[in-house]
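Visitor: Dumping the structure here so I can ask a few things about it.
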Amino acid sequence: MEPSHMIDIPIDTPGHPRTADFAKVLHLSALPFLMLLGLLGCAPTGSDADIMLRGDEAFARGELPEALAEYRLALQGERTGPMLARAAHAYTATGSITEAIENYREAVALDPGLADLAATDLLKFARRAIQTGDGLQASEAVAAAMVLRPGVSSDGIALPLAHHLVQTGRYARALPFFEQAALETDNSPQVLYDMALAYDEAGNCASALALFERAWRRISVAERADADWRTGNCSMRLGAEALEEGELDAALAYYETTIQIGEPRGQVPEAWFQQGEILIQKGECTEARGAFEQVLVVDPTPELRARAQDRIEALRFERNSFGSC
């Protein structure tokens with residue numbers, strides 16, 4: 001088996017402790033991971049050198065279990081950043097992402113200069129995982145890379161990873177990767193729209209509404225129609241929540257959004273009816289009656305029509321016993 005250990009080294013971080021070292025090896029960015037550790041001053045020393053060398057040689061031959069065994073043996077002695085990084089890289093090569101992340105975390109804690117190597121290796125692992133359809137492992141790797149190396153670019157991985165998680169129904173888990181993709185694409189309207197869909201499916205209507213509004217003018221006609229439907233539907237849900245909390249003006253505004261958009265069509269009569277109910281509570285009787293009359297215009301269900309007619313009659317003849325009217 002040929003080990004996957006060719007990585008690219010990001011160096012575009014002014015002021016980072018290892019920037020100068022990275023610049024020296026830029027033209028060697030396709031060197032094997034283990035050689036890069038040496039170039040960055042991470043060669044093993046002392047009594048563990050022989051064990052580490054055996055591990056490196058086994059890794060170079062593609063004998064990954066043997067290499068990992070040697071690295072783990074070395075770690076029973078002094079736990080240094082270079083040793084932990086070697087073990088972590090072997091774990092990524094064998095697909096053991098949890099162990100890889102644990103070792104990289106400890107390595108970077110001991111030597112922050114290893115953060116770039118760790119993040120790059122984890123992102124490379126994530127790309128392979130996406131290609132094989134393992135979105136969960138990919139998401140773990142990308143999330144860890146972003147923690148180990150704050151501000152690191154996902155190099156285009158975040159968006160396909162977010163889409164993969166959405167396709168498998170993991171909407172909430174996809175959200176951080178949509179947010180990263182939005183940063184990397186200068187808030188592309190398509191990314192904002194896709195992120196809004198994920199927020200909607202995850203049950204976060206407030207965030208979905210804000211994103212639909214930001215993306216609406218720059219997306220396709222079909223996507224606008226979908227955004228309108230979802231915006232109206234979310235507004236109904238948020239209106240009901242606001243009403244339960246006694247926030248009458250907020251509820252009115254949400255129901256008005258559904259009415260103005262006209263979607264979902266089947267919920268527009270209910271939006272008018274709820275506005276009428278709220279206006280009664282606010283003592284705005286004429287406006288309430290107008291809202292109930294609109295219910296009759298927009299094709300309500302027979303039950304809702306009867307309720308609206310009852311409210312109209314009560315308001316007309318002042319024989320109601322509800323609200324301030």
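Ligands are numbered from 1 in the order shown, chains are lettered A, B, ... in the order of the structure tokens, and residues start at 1 in each chain.
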I'd like the contact shell of A:Arg311 - 12 Å cut-off, only C-alpha atoms, skipping same-chain residues fewer than 2 positions apart - returned as a ChimeraX atom specification.
Guide: /A:273-274,276-277,279-280,285-286,288-293,295-296,304-309,313-323,325
Visitor: So, with only C-alpha atoms as the atoms that count, which of A:Gly203, A:Gly81, A:Pro150, A:Gly95 lies closest to A:Thr132?
Guide: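 The answer is A:Gly95, which sits nearest to A:Thr132.
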Visitor: I'd like the neighbourhood of A:Arg173 as a list of chain:residue names, where a residue qualifies if any of its atoms comes within 12 Å (using only C-alpha atoms), though same-chain residues fewer than 4 positions away should be ignored.
Guide: A:Gly135, A:Leu136, A:Gln137, A:Ala138, A:Ser139, A:Glu140, A:Val142, A:Ala143, A:Ala158, A:Leu161, A:Ala162, A:His163, A:His164, A:Leu165, A:Val166, A:Gln167, A:Thr168, A:Gly169, A:Phe177, A:Phe178, A:Glu179, A:Met195, A:Ala198, A:Tyr199, A:Glu201, A:Ala202
Visitor: Which residues, written as a list in words, have at least one atom at most 8 Å from A:Tyr193, with only C-alpha atoms counted and residues fewer than 6 positions away on the same chain left out?
Guide: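 Listed by chain and then number, they are Leu211, Phe212, Ala215, Trp216 and Ile219 of chain A.
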Visitor: Can you write just those residues out, C-alpha atoms, as a PDB file, in the first residue's frame?
Guide:
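Okay, again35.pdb is ready:
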ATOM      1  CA  LEU A 211     -30.051  34.746   4.771  1.00  0.00           C
ATOM      2  CA  PHE A 212     -32.900  34.405   2.280  1.00  0.00           C
ATOM      3  CA  ALA A 215     -29.412  36.234  -1.186  1.00  0.00           C
ATOM      4  CA  TRP A 216     -32.812  36.844  -2.816  1.00  0.00           C
ATOM      5  CA  ILE A 219     -30.334  33.935  -7.058  1.00  0.00           C
TER       6      ILE A 219
END
Visitor: Under the rule that only C-alpha atoms are counted, which of A:Ala196, A:Met83, A:Ala210, A:Met52 is the nearest residue to A:Ala172?
Guide: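 Closest to A:Ala172 of all the choices is A:Ala196.
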Visitor: Determine the nearest neighbour of A:Val152 from the options A:Leu243, A:Leu197, A:Leu183, A:Ala49, counting only C-alpha atoms.
Guide: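 Closest candidate: A:Leu183.
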